[in-house]
Amino acid sequence: MSNIVSVKELLEAGAHFGHQVSRWNPKMRPYIFTTKGGIHIMDLDQTVSALKKAIQFVTGVTALGHQCLFVGTKKQAKPVIESEAKRSGQYFVSNRWLGGMLTNFKTIKASITRLETLEKQMASPDFEKFTKRERLTMEREAAKHESVLGGIKAMTRVPGVVFIIDPKKEEIAKKEANRLKIPVVAIVDTNCNPDGIDYVIPANDDAIRSIQIITGAIADACEEGMRQRQAALAKQEVLPEGEEKPKAFTTERDINEKAKAYVGKDKKEVIIENKEAEKFSSAKVKEGTA
């Protein structure tokens, strides 16, 4: 598992500073420690505890073979989102969230296909045969698609978890994830509504250092989950002769003898016995949610 961030690190990063008292959302009251100079100060002990739970969850999701979608389009979050998502091999949206990016993924996929086609045409020797005006038009169209869809070009299905910086700004992303019952992990400042977020990480979502530390921890969790998955897959390759070799593990039983899942409208976490794990996994595949 990735290293747990300490209270001292968060304090030095200014993660405890919320917004002005006049801009707060009352639903964030449980995470506020005190008020100083007209600004809410968040309880960093709760931040560390919440981040630890979020890390455990994201590790488990990626260990099952799912991807994490990093979302952060505000100026100070954009470079962090891009670098950490790329480092951990995950998807990201850092420029603009297109309505329907999750709920209408088939249409978004068509735009991704168009981008791939343009890239192939521009890389082809025949590209020089087009007129200068045609080449310029194609390059502009490709650049436009790349700025919005570049971080999800490889996405073939909806992610297993969505990580959001500032759910107030990324309200549409949060709502789409909720509609598809995709778990949401988010950095939530004192002016945000924590409703609809499965793992609330109360922290400053404007300070670059605060964003960097927490996003980096989530990216580390993704890498750890992928490492656990690869270790489990490699283990399957050395089964004794004569035993049936599974095509690929689909539950956590190969990692920690458990299988976690979110079921029902409330996305309640349940533990499934090993004998039921495969049955549950097959059901999710049939529903198109795996």
# chains A, B, ... in the order shown; residues from 1 in each chain; ligands from 1
$ residues_around --residues "A:Glu82" --least-positions-apart "5" --cutoff "10 Å" --atoms "only C-alpha atoms" --output "compact mmCIF listing (two decimals) with all heavy atoms, in the first residue's frame"
# COMPACT_ATOMS: atom_id res chain seq x y z
N PHE A 70 -9.26 10.17 -13.03
CA PHE A 70 -8.90 11.38 -12.30
C PHE A 70 -9.58 12.58 -12.97
O PHE A 70 -9.43 12.77 -14.18
CB PHE A 70 -7.39 11.59 -12.31
CG PHE A 70 -6.61 10.64 -11.44
CD1 PHE A 70 -6.61 9.28 -11.68
CD2 PHE A 70 -5.87 11.12 -10.36
CE1 PHE A 70 -5.89 8.40 -10.88
CE2 PHE A 70 -5.14 10.26 -9.56
CZ PHE A 70 -5.15 8.90 -9.81
N VAL A 71 -10.27 13.39 -12.19
CA VAL A 71 -10.98 14.54 -12.74
C VAL A 71 -10.62 15.81 -11.98
O VAL A 71 -10.79 15.88 -10.75
CB VAL A 71 -12.51 14.35 -12.69
CG1 VAL A 71 -13.21 15.55 -13.34
CG2 VAL A 71 -12.93 13.07 -13.39
N GLY A 72 -10.11 16.81 -12.69
CA GLY A 72 -9.77 18.09 -12.08
C GLY A 72 -9.48 19.09 -13.18
O GLY A 72 -8.44 19.02 -13.82
N ALA A 77 -5.24 22.46 -10.50
CA ALA A 77 -5.33 21.01 -10.42
C ALA A 77 -4.91 20.32 -11.72
O ALA A 77 -4.44 19.17 -11.70
CB ALA A 77 -6.76 20.59 -10.08
N ARG A 87 1.44 8.89 -14.57
CA ARG A 87 2.41 8.11 -13.80
C ARG A 87 1.85 6.77 -13.34
O ARG A 87 2.56 5.75 -13.34
CB ARG A 87 2.88 8.92 -12.58
CG ARG A 87 3.80 8.17 -11.63
CD ARG A 87 4.30 9.06 -10.53
NE ARG A 87 3.30 9.45 -9.57
CZ ARG A 87 2.93 8.69 -8.53
NH1 ARG A 87 3.47 7.50 -8.34
NH2 ARG A 87 2.01 9.12 -7.69
N GLN A 90 -3.50 5.67 -15.33
CA GLN A 90 -4.95 5.80 -15.21
C GLN A 90 -5.48 6.83 -16.20
O GLN A 90 -4.73 7.53 -16.88
CB GLN A 90 -5.32 6.21 -13.78
CG GLN A 90 -4.75 5.31 -12.70
CD GLN A 90 -5.17 3.85 -12.86
OE1 GLN A 90 -6.36 3.54 -12.98
NE2 GLN A 90 -4.21 2.94 -12.84
N TYR A 91 -6.79 6.94 -16.29
CA TYR A 91 -7.43 7.90 -17.16
C TYR A 91 -7.54 9.26 -16.46
O TYR A 91 -7.49 9.33 -15.24
CB TYR A 91 -8.84 7.43 -17.55
CG TYR A 91 -8.90 6.02 -18.09
CD1 TYR A 91 -9.88 5.14 -17.64
CD2 TYR A 91 -8.00 5.58 -19.05
CE1 TYR A 91 -9.97 3.85 -18.13
CE2 TYR A 91 -8.07 4.29 -19.55
CZ TYR A 91 -9.06 3.42 -19.09
OH TYR A 91 -9.13 2.15 -19.57
N PHE A 92 -7.72 10.33 -17.24
CA PHE A 92 -7.89 11.64 -16.62
C PHE A 92 -8.66 12.60 -17.53
O PHE A 92 -8.69 12.45 -18.75
CB PHE A 92 -6.53 12.26 -16.27
CG PHE A 92 -5.68 12.61 -17.47
CD1 PHE A 92 -5.77 13.86 -18.08
CD2 PHE A 92 -4.76 11.69 -17.99
CE1 PHE A 92 -4.99 14.18 -19.18
CE2 PHE A 92 -3.97 12.00 -19.09
CZ PHE A 92 -4.08 13.26 -19.68
N VAL A 93 -9.31 13.56 -16.89
CA VAL A 93 -9.98 14.66 -17.58
C VAL A 93 -9.49 15.93 -16.90
O VAL A 93 -9.74 16.13 -15.71
CB VAL A 93 -11.52 14.58 -17.46
CG1 VAL A 93 -12.16 15.81 -18.09
CG2 VAL A 93 -12.04 13.32 -18.13
N SER A 94 -8.77 16.77 -17.63
CA SER A 94 -8.15 17.94 -17.01
C SER A 94 -8.50 19.26 -17.68
O SER A 94 -8.15 20.32 -17.17
CB SER A 94 -6.62 17.78 -17.02
OG SER A 94 -6.15 17.66 -18.35
N ASN A 95 -9.18 19.23 -18.81
CA ASN A 95 -9.52 20.48 -19.49
C ASN A 95 -11.00 20.83 -19.37
O ASN A 95 -11.35 21.87 -18.84
CB ASN A 95 -9.14 20.40 -20.97
CG ASN A 95 -7.66 20.65 -21.20
OD1 ASN A 95 -7.12 21.63 -20.71
ND2 ASN A 95 -7.02 19.77 -21.93
N GLY A 151 -6.99 12.29 -22.36
CA GLY A 151 -6.77 11.48 -21.16
C GLY A 151 -7.60 10.23 -21.07
O GLY A 151 -7.38 9.40 -20.17
$ residues_around --residues "A:Glu223" --least-positions-apart "4" --cutoff "7 Å" --atoms "only C-alpha atoms" --output "MDAnalysis selection string"
chainID A and resid 88 219 227
$ closest_residue --among "A:Gly160, A:Asn193, A:Ile182, A:Arg209" --to "A:Val58" --atoms "only C-alpha atoms"
A:Gly160
$ closest_residue --among "A:Ala63, A:Cys222, A:Ala15, A:Met138" --to "A:Gln121" --atoms "only C-alpha atoms"
A:Met138
$ select_by_dssp --residues "stretch 7-188 of chain A" --states "helix (DSSP H, G or I)" --output "CSV table (one decimal) with N, CA, C and O atoms, in the first residue's frame"
chain,number,residue,atom,x,y,z
A,7,VAL,N,-0.2,14.1,9.3
A,7,VAL,CA,-0.9,15.4,9.6
A,7,VAL,C,0.1,16.5,9.4
A,7,VAL,O,-0.2,17.6,8.9
A,8,LYS,N,1.4,16.3,9.7
A,8,LYS,CA,2.4,17.3,9.6
A,8,LYS,C,2.6,17.7,8.1
A,8,LYS,O,2.7,18.9,7.8
A,9,GLU,N,2.6,16.7,7.2
A,9,GLU,CA,2.7,17.0,5.8
A,9,GLU,C,1.6,17.8,5.3
A,9,GLU,O,1.7,18.8,4.5
A,10,LEU,N,0.3,17.4,5.7
A,10,LEU,CA,-0.8,18.2,5.3
A,10,LEU,C,-0.9,19.6,5.8
A,10,LEU,O,-1.3,20.5,5.2
A,11,LEU,N,-0.4,19.7,7.1
A,11,LEU,CA,-0.3,21.0,7.7
A,11,LEU,C,0.6,21.9,7.0
A,11,LEU,O,0.3,23.1,6.7
A,12,GLU,N,1.8,21.4,6.6
A,12,GLU,CA,2.8,22.2,5.9
A,12,GLU,C,2.3,22.6,4.5
A,12,GLU,O,2.7,23.6,3.9
A,21,VAL,N,-15.9,31.8,6.1
A,21,VAL,CA,-17.1,31.3,6.9
A,21,VAL,C,-18.3,31.6,6.1
A,21,VAL,O,-19.2,30.8,6.1
A,22,SER,N,-18.4,32.7,5.4
A,22,SER,CA,-19.6,33.1,4.7
A,22,SER,C,-19.9,32.2,3.4
A,22,SER,O,-21.0,32.2,2.9
A,23,ARG,N,-18.9,31.5,3.0
A,23,ARG,CA,-19.0,30.6,1.8
A,23,ARG,C,-19.1,29.1,2.1
A,23,ARG,O,-19.1,28.3,1.2
A,26,PRO,N,-23.0,24.0,5.1
A,26,PRO,CA,-23.2,23.5,6.5
A,26,PRO,C,-23.0,22.0,6.6
A,26,PRO,O,-22.8,21.5,7.7
A,27,LYS,N,-23.1,21.3,5.5
A,27,LYS,CA,-23.0,19.8,5.5
A,27,LYS,C,-21.5,19.4,5.8
A,27,LYS,O,-21.2,18.3,6.0
A,28,MET,N,-20.6,20.4,5.7
A,28,MET,CA,-19.2,20.1,6.0
A,28,MET,C,-18.9,20.4,7.4
A,28,MET,O,-17.7,20.3,7.8
A,29,ARG,N,-19.9,20.7,8.3
A,29,ARG,CA,-19.6,21.0,9.7
A,29,ARG,C,-18.9,19.9,10.4
A,29,ARG,O,-18.0,20.2,11.2
A,30,PRO,N,-19.2,18.6,10.2
A,30,PRO,CA,-18.4,17.5,10.9
A,30,PRO,C,-16.9,17.5,10.7
A,30,PRO,O,-16.2,17.0,11.5
A,31,TYR,N,-16.5,18.1,9.6
A,31,TYR,CA,-15.0,18.1,9.3
A,31,TYR,C,-14.3,19.3,9.7
A,31,TYR,O,-13.1,19.4,9.5
A,44,LEU,N,-7.5,17.9,10.5
A,44,LEU,CA,-6.6,17.1,9.7
A,44,LEU,C,-6.5,15.7,10.1
A,44,LEU,O,-6.1,14.8,9.4
A,45,ASP,N,-6.8,15.4,11.4
A,45,ASP,CA,-6.9,14.0,11.8
A,45,ASP,C,-7.9,13.3,11.0
A,45,ASP,O,-7.7,12.1,10.7
A,46,GLN,N,-9.1,13.9,10.8
A,46,GLN,CA,-10.1,13.3,10.0
A,46,GLN,C,-9.7,13.2,8.5
A,46,GLN,O,-10.0,12.2,7.9
A,47,THR,N,-8.9,14.1,8.1
A,47,THR,CA,-8.4,14.1,6.7
A,47,THR,C,-7.5,12.9,6.5
A,47,THR,O,-7.6,12.1,5.5
A,48,VAL,N,-6.6,12.6,7.4
A,48,VAL,CA,-5.7,11.5,7.4
A,48,VAL,C,-6.5,10.2,7.4
A,48,VAL,O,-6.2,9.3,6.6
A,49,SER,N,-7.4,10.1,8.3
A,49,SER,CA,-8.2,8.9,8.4
A,49,SER,C,-9.0,8.6,7.1
A,49,SER,O,-9.1,7.5,6.7
A,50,ALA,N,-9.6,9.7,6.6
A,50,ALA,CA,-10.4,9.6,5.4
A,50,ALA,C,-9.5,9.2,4.2
A,50,ALA,O,-9.9,8.4,3.3
A,51,LEU,N,-8.4,9.8,4.1
A,51,LEU,CA,-7.4,9.5,3.0
A,51,LEU,C,-7.0,8.0,3.1
A,51,LEU,O,-6.9,7.3,2.1
A,52,LYS,N,-6.8,7.5,4.3
A,52,LYS,CA,-6.4,6.1,4.5
A,52,LYS,C,-7.4,5.2,3.9
A,52,LYS,O,-7.1,4.2,3.2
A,53,LYS,N,-8.7,5.5,4.3
A,53,LYS,CA,-9.8,4.6,3.8
A,53,LYS,C,-9.9,4.7,2.3
A,53,LYS,O,-10.2,3.7,1.6
A,54,ALA,N,-9.7,5.9,1.7
A,54,ALA,CA,-9.8,6.1,0.3
A,54,ALA,C,-8.7,5.3,-0.4
A,54,ALA,O,-8.9,4.7,-1.5
A,55,ILE,N,-7.5,5.3,0.1
A,55,ILE,CA,-6.4,4.6,-0.4
A,55,ILE,C,-6.7,3.1,-0.4
A,55,ILE,O,-6.4,2.4,-1.4
A,56,GLN,N,-7.2,2.6,0.7
A,56,GLN,CA,-7.5,1.2,0.7
A,56,GLN,C,-8.5,0.8,-0.3
A,56,GLN,O,-8.4,-0.3,-1.0
A,57,PHE,N,-9.5,1.6,-0.5
A,57,PHE,CA,-10.6,1.3,-1.5
A,57,PHE,C,-10.0,1.4,-2.9
A,57,PHE,O,-10.3,0.4,-3.7
A,58,VAL,N,-9.3,2.4,-3.2
A,58,VAL,CA,-8.8,2.5,-4.6
A,58,VAL,C,-7.8,1.4,-4.9
A,58,VAL,O,-7.8,0.9,-6.0
A,59,THR,N,-7.0,1.0,-3.9
A,59,THR,CA,-6.1,-0.1,-4.1
A,59,THR,C,-6.9,-1.4,-4.5
A,59,THR,O,-6.5,-2.1,-5.4
A,60,GLY,N,-8.0,-1.6,-3.7
A,60,GLY,CA,-8.8,-2.8,-4.0
A,60,GLY,C,-9.5,-2.8,-5.4
A,60,GLY,O,-9.5,-3.8,-6.1
A,61,VAL,N,-9.9,-1.6,-5.8
A,61,VAL,CA,-10.6,-1.5,-7.1
A,61,VAL,C,-9.6,-1.8,-8.2
A,61,VAL,O,-9.9,-2.5,-9.1
A,62,THR,N,-8.5,-1.2,-8.2
A,62,THR,CA,-7.5,-1.4,-9.2
A,62,THR,C,-6.9,-2.8,-9.2
A,62,THR,O,-6.5,-3.3,-10.2
A,63,ALA,N,-6.9,-3.4,-8.0
A,63,ALA,CA,-6.4,-4.8,-7.9
A,63,ALA,C,-7.4,-5.7,-8.6
A,63,ALA,O,-7.0,-6.8,-9.1
A,78,LYS,N,-5.1,21.0,-12.8
A,78,LYS,CA,-4.8,20.4,-14.1
A,78,LYS,C,-3.4,19.7,-14.3
A,78,LYS,O,-3.4,18.5,-14.6
A,79,PRO,N,-2.3,20.4,-14.0
A,79,PRO,CA,-1.0,19.7,-14.2
A,79,PRO,C,-0.8,18.5,-13.3
A,79,PRO,O,-0.2,17.6,-13.7
A,80,VAL,N,-1.3,18.6,-12.1
A,80,VAL,CA,-1.2,17.5,-11.1
A,80,VAL,C,-2.0,16.3,-11.6
A,80,VAL,O,-1.5,15.2,-11.5
A,81,ILE,N,-3.2,16.6,-12.0
A,81,ILE,CA,-4.1,15.5,-12.5
A,81,ILE,C,-3.4,14.8,-13.6
A,81,ILE,O,-3.4,13.5,-13.7
A,82,GLU,N,-2.9,15.5,-14.6
A,82,GLU,CA,-2.3,14.9,-15.8
A,82,GLU,C,-1.1,14.1,-15.4
A,82,GLU,O,-0.9,12.9,-15.8
A,83,SER,N,-0.2,14.7,-14.6
A,83,SER,CA,1.1,14.0,-14.3
A,83,SER,C,0.9,12.7,-13.5
A,83,SER,O,1.5,11.7,-13.7
A,84,GLU,N,0.0,12.8,-12.4
A,84,GLU,CA,-0.2,11.7,-11.5
A,84,GLU,C,-1.0,10.6,-12.2
A,84,GLU,O,-0.7,9.4,-12.0
A,85,ALA,N,-2.0,10.9,-13.0
A,85,ALA,CA,-2.7,9.9,-13.8
A,85,ALA,C,-1.8,9.2,-14.8
A,85,ALA,O,-1.9,7.9,-14.9
A,86,LYS,N,-1.0,9.9,-15.5
A,86,LYS,CA,-0.1,9.3,-16.4
A,86,LYS,C,0.9,8.4,-15.7
A,86,LYS,O,1.2,7.3,-16.2
A,87,ARG,N,1.4,8.9,-14.6
A,87,ARG,CA,2.4,8.1,-13.8
A,87,ARG,C,1.9,6.8,-13.3
A,87,ARG,O,2.6,5.8,-13.3
A,105,PHE,N,-21.4,7.2,-22.9
A,105,PHE,CA,-20.0,6.9,-23.3
A,105,PHE,C,-19.9,6.4,-24.8
A,105,PHE,O,-18.9,6.6,-25.4
A,106,LYS,N,-21.0,5.8,-25.3
A,106,LYS,CA,-21.0,5.4,-26.7
A,106,LYS,C,-20.7,6.6,-27.7
A,106,LYS,O,-20.0,6.4,-28.6
A,107,THR,N,-21.4,7.7,-27.4
A,107,THR,CA,-21.2,8.9,-28.2
A,107,THR,C,-19.8,9.4,-28.0
A,107,THR,O,-19.1,9.8,-29.0
A,108,ILE,N,-19.3,9.4,-26.8
A,108,ILE,CA,-17.9,9.9,-26.5
A,108,ILE,C,-16.9,9.0,-27.2
A,108,ILE,O,-15.9,9.5,-27.8
A,109,LYS,N,-17.2,7.7,-27.2
A,109,LYS,CA,-16.3,6.8,-27.9
A,109,LYS,C,-16.2,7.0,-29.4
A,109,LYS,O,-15.2,6.9,-30.0
A,110,ALA,N,-17.3,7.5,-30.0
A,110,ALA,CA,-17.3,7.8,-31.4
A,110,ALA,C,-16.3,9.0,-31.7
A,110,ALA,O,-15.6,9.0,-32.7
A,111,SER,N,-16.3,10.0,-30.7
A,111,SER,CA,-15.4,11.1,-30.9
A,111,SER,C,-13.9,10.6,-30.7
A,111,SER,O,-13.0,11.1,-31.4
A,112,ILE,N,-13.7,9.7,-29.8
A,112,ILE,CA,-12.4,9.1,-29.6
A,112,ILE,C,-11.9,8.4,-30.9
A,112,ILE,O,-10.8,8.5,-31.3
A,113,THR,N,-12.8,7.7,-31.5
A,113,THR,CA,-12.5,7.0,-32.7
A,113,THR,C,-12.1,8.0,-33.8
A,113,THR,O,-11.2,7.7,-34.6
A,114,ARG,N,-12.9,9.1,-33.9
A,114,ARG,CA,-12.6,10.1,-34.9
A,114,ARG,C,-11.2,10.7,-34.6
A,114,ARG,O,-10.4,10.9,-35.5
A,115,LEU,N,-10.8,10.9,-33.4
A,115,LEU,CA,-9.5,11.4,-33.0
A,115,LEU,C,-8.4,10.4,-33.5
A,115,LEU,O,-7.4,10.8,-34.0
A,116,GLU,N,-8.6,9.2,-33.2
A,116,GLU,CA,-7.7,8.1,-33.6
A,116,GLU,C,-7.5,8.1,-35.1
A,116,GLU,O,-6.4,7.9,-35.6
A,117,THR,N,-8.6,8.3,-35.8
A,117,THR,CA,-8.6,8.3,-37.3
A,117,THR,C,-7.7,9.5,-37.8
A,117,THR,O,-6.9,9.4,-38.7
A,118,LEU,N,-7.9,10.7,-37.2
A,118,LEU,CA,-7.2,11.9,-37.6
A,118,LEU,C,-5.7,11.7,-37.3
A,118,LEU,O,-4.9,12.1,-38.1
A,119,GLU,N,-5.4,11.1,-36.2
A,119,GLU,CA,-4.0,10.9,-35.8
A,119,GLU,C,-3.3,9.9,-36.8
A,119,GLU,O,-2.1,10.2,-37.2
A,120,LYS,N,-4.0,8.9,-37.3
A,120,LYS,CA,-3.5,8.0,-38.2
A,120,LYS,C,-3.3,8.7,-39.6
A,120,LYS,O,-2.2,8.5,-40.3
A,121,GLN,N,-4.2,9.5,-40.0
A,121,GLN,CA,-4.1,10.3,-41.2
A,121,GLN,C,-2.9,11.2,-41.2
A,121,GLN,O,-2.1,11.3,-42.2
A,122,MET,N,-2.7,11.9,-40.1
A,122,MET,CA,-1.6,12.9,-40.0
A,122,MET,C,-0.3,12.2,-39.9
A,122,MET,O,0.8,12.8,-40.3
A,123,ALA,N,-0.3,10.9,-39.4
A,123,ALA,CA,1.0,10.2,-39.4
A,123,ALA,C,1.3,9.5,-40.7
A,123,ALA,O,2.5,9.0,-40.8
A,125,PRO,N,2.1,8.9,-44.7
A,125,PRO,CA,2.9,9.6,-45.7
A,125,PRO,C,1.9,10.4,-46.7
A,125,PRO,O,2.3,11.4,-47.3
A,126,ASP,N,0.7,9.8,-46.8
A,126,ASP,CA,-0.3,10.4,-47.7
A,126,ASP,C,-0.8,11.8,-47.2
A,126,ASP,O,-1.6,12.5,-47.9
A,127,PHE,N,-0.5,12.1,-45.9
A,127,PHE,CA,-1.0,13.4,-45.4
A,127,PHE,C,-0.5,14.6,-46.2
A,127,PHE,O,-1.3,15.6,-46.3
A,128,GLU,N,0.6,14.5,-46.8
A,128,GLU,CA,1.2,15.6,-47.6
A,128,GLU,C,0.4,15.8,-48.9
A,128,GLU,O,0.5,16.8,-49.5
A,129,LYS,N,-0.4,14.8,-49.2
A,129,LYS,CA,-1.2,14.9,-50.5
A,129,LYS,C,-2.4,15.9,-50.3
A,129,LYS,O,-3.0,16.3,-51.3
A,132,LYS,N,-2.9,22.4,-48.1
A,132,LYS,CA,-2.5,23.1,-46.9
A,132,LYS,C,-3.7,23.4,-46.0
A,132,LYS,O,-3.6,23.2,-44.8
A,133,ARG,N,-4.8,23.8,-46.6
A,133,ARG,CA,-6.0,24.2,-45.9
A,133,ARG,C,-6.6,22.9,-45.2
A,133,ARG,O,-7.0,23.0,-44.1
A,134,GLU,N,-6.6,21.8,-46.0
A,134,GLU,CA,-7.2,20.6,-45.4
A,134,GLU,C,-6.3,20.1,-44.3
A,134,GLU,O,-6.9,19.6,-43.3
A,135,ARG,N,-5.0,20.2,-44.4
A,135,ARG,CA,-4.1,19.7,-43.3
A,135,ARG,C,-4.3,20.5,-42.1
A,135,ARG,O,-4.4,20.0,-41.0
A,136,LEU,N,-4.5,21.8,-42.3
A,136,LEU,CA,-4.6,22.7,-41.1
A,136,LEU,C,-6.0,22.4,-40.4
A,136,LEU,O,-6.0,22.4,-39.2
A,137,THR,N,-7.0,22.2,-41.2
A,137,THR,CA,-8.3,21.9,-40.6
A,137,THR,C,-8.3,20.6,-39.8
A,137,THR,O,-8.8,20.5,-38.7
A,138,MET,N,-7.6,19.6,-40.4
A,138,MET,CA,-7.5,18.3,-39.7
A,138,MET,C,-6.7,18.4,-38.4
A,138,MET,O,-7.0,17.9,-37.4
A,139,GLU,N,-5.6,19.2,-38.4
A,139,GLU,CA,-4.7,19.4,-37.3
A,139,GLU,C,-5.5,20.2,-36.2
A,139,GLU,O,-5.4,19.8,-35.0
A,140,ARG,N,-6.3,21.1,-36.5
A,140,ARG,CA,-7.1,21.9,-35.5
A,140,ARG,C,-8.1,21.0,-34.9
A,140,ARG,O,-8.4,21.0,-33.7
A,141,GLU,N,-8.8,20.2,-35.7
A,141,GLU,CA,-9.8,19.3,-35.2
A,141,GLU,C,-9.2,18.2,-34.3
A,141,GLU,O,-9.7,18.0,-33.2
A,142,ALA,N,-8.0,17.7,-34.6
A,142,ALA,CA,-7.3,16.7,-33.8
A,142,ALA,C,-6.9,17.4,-32.5
A,142,ALA,O,-7.1,16.8,-31.4
A,143,ALA,N,-6.4,18.6,-32.5
A,143,ALA,CA,-6.0,19.3,-31.3
A,143,ALA,C,-7.2,19.6,-30.4
A,143,ALA,O,-7.0,19.4,-29.1
A,144,LYS,N,-8.3,19.9,-31.0
A,144,LYS,CA,-9.5,20.2,-30.2
A,144,LYS,C,-10.0,18.9,-29.4
A,144,LYS,O,-10.3,18.9,-28.2
A,145,HIS,N,-10.0,17.8,-30.2
A,145,HIS,CA,-10.4,16.5,-29.6
A,145,HIS,C,-9.4,16.0,-28.5
A,145,HIS,O,-9.7,15.5,-27.5
A,146,GLU,N,-8.1,16.3,-28.8
A,146,GLU,CA,-7.0,15.8,-27.9
A,146,GLU,C,-7.1,16.6,-26.6
A,146,GLU,O,-6.9,16.0,-25.5
A,147,SER,N,-7.4,17.8,-26.6
A,147,SER,CA,-7.5,18.6,-25.4
A,147,SER,C,-8.5,18.1,-24.4
A,147,SER,O,-8.4,18.3,-23.2
A,148,VAL,N,-9.6,17.6,-25.0
A,148,VAL,CA,-10.7,17.2,-24.1
A,148,VAL,C,-10.7,15.6,-23.9
A,148,VAL,O,-11.0,15.2,-22.8
A,149,LEU,N,-10.3,14.9,-24.9
A,149,LEU,CA,-10.4,13.4,-24.8
A,149,LEU,C,-9.0,12.7,-24.7
A,149,LEU,O,-9.0,11.5,-24.6
A,150,GLY,N,-8.0,13.5,-24.7
A,150,GLY,CA,-6.6,12.9,-24.7
A,150,GLY,C,-6.4,12.0,-23.5
A,150,GLY,O,-5.7,10.9,-23.6
A,151,GLY,N,-7.0,12.3,-22.4
A,151,GLY,CA,-6.8,11.5,-21.2
A,151,GLY,C,-7.6,10.2,-21.1
A,151,GLY,O,-7.4,9.4,-20.2
A,152,ILE,N,-8.6,10.1,-22.0
A,152,ILE,CA,-9.4,8.9,-21.9
A,152,ILE,C,-9.4,8.1,-23.3
A,152,ILE,O,-10.3,7.3,-23.5
A,171,GLU,N,-19.4,19.2,-10.6
A,171,GLU,CA,-20.7,18.7,-10.2
A,171,GLU,C,-21.3,17.7,-11.3
A,171,GLU,O,-21.9,16.6,-10.9
A,172,ILE,N,-21.1,18.0,-12.5
A,172,ILE,CA,-21.6,17.1,-13.6
A,172,ILE,C,-21.0,15.7,-13.5
A,172,ILE,O,-21.6,14.7,-13.7
A,173,ALA,N,-19.6,15.7,-13.4
A,173,ALA,CA,-18.9,14.4,-13.3
A,173,ALA,C,-19.4,13.6,-12.1
A,173,ALA,O,-19.6,12.4,-12.2
A,174,LYS,N,-19.6,14.3,-11.0
A,174,LYS,CA,-20.1,13.6,-9.8
A,174,LYS,C,-21.5,13.0,-10.0
A,174,LYS,O,-21.8,11.8,-9.7
A,175,LYS,N,-22.4,13.8,-10.6
A,175,LYS,CA,-23.7,13.3,-10.9
A,175,LYS,C,-23.8,12.1,-11.8
A,175,LYS,O,-24.5,11.2,-11.7
A,176,GLU,N,-22.9,12.2,-12.9
A,176,GLU,CA,-22.9,11.1,-13.8
A,176,GLU,C,-22.3,9.8,-13.2
A,176,GLU,O,-22.9,8.7,-13.4
A,177,ALA,N,-21.3,9.9,-12.3
A,177,ALA,CA,-20.8,8.8,-11.6
A,177,ALA,C,-21.9,8.2,-10.7
A,177,ALA,O,-22.1,7.0,-10.6
A,178,ASN,N,-22.6,9.1,-10.0
A,178,ASN,CA,-23.7,8.6,-9.1
A,178,ASN,C,-24.8,7.9,-9.8
A,178,ASN,O,-25.3,6.9,-9.4
A,179,ARG,N,-25.1,8.4,-11.0
A,179,ARG,CA,-26.2,7.8,-11.8
A,179,ARG,C,-25.8,6.4,-12.2
A,179,ARG,O,-26.6,5.5,-12.3
$ atom_distance --atom1 "atom CA of A:Lys74" --atom2 "atom CA of A:Val185"
17.0 Å
$ atom_distance --atom1 "atom CA of A:Ile165" --atom2 "atom CA of A:Ile39"
20.1 Å
$ select_by_dssp --residues "stretch 55-213 of chain A" --states "strand (DSSP E)" --output "PyMOL selection string"
chain A and resi 68-71+91-93+161-165+184-188+199-202
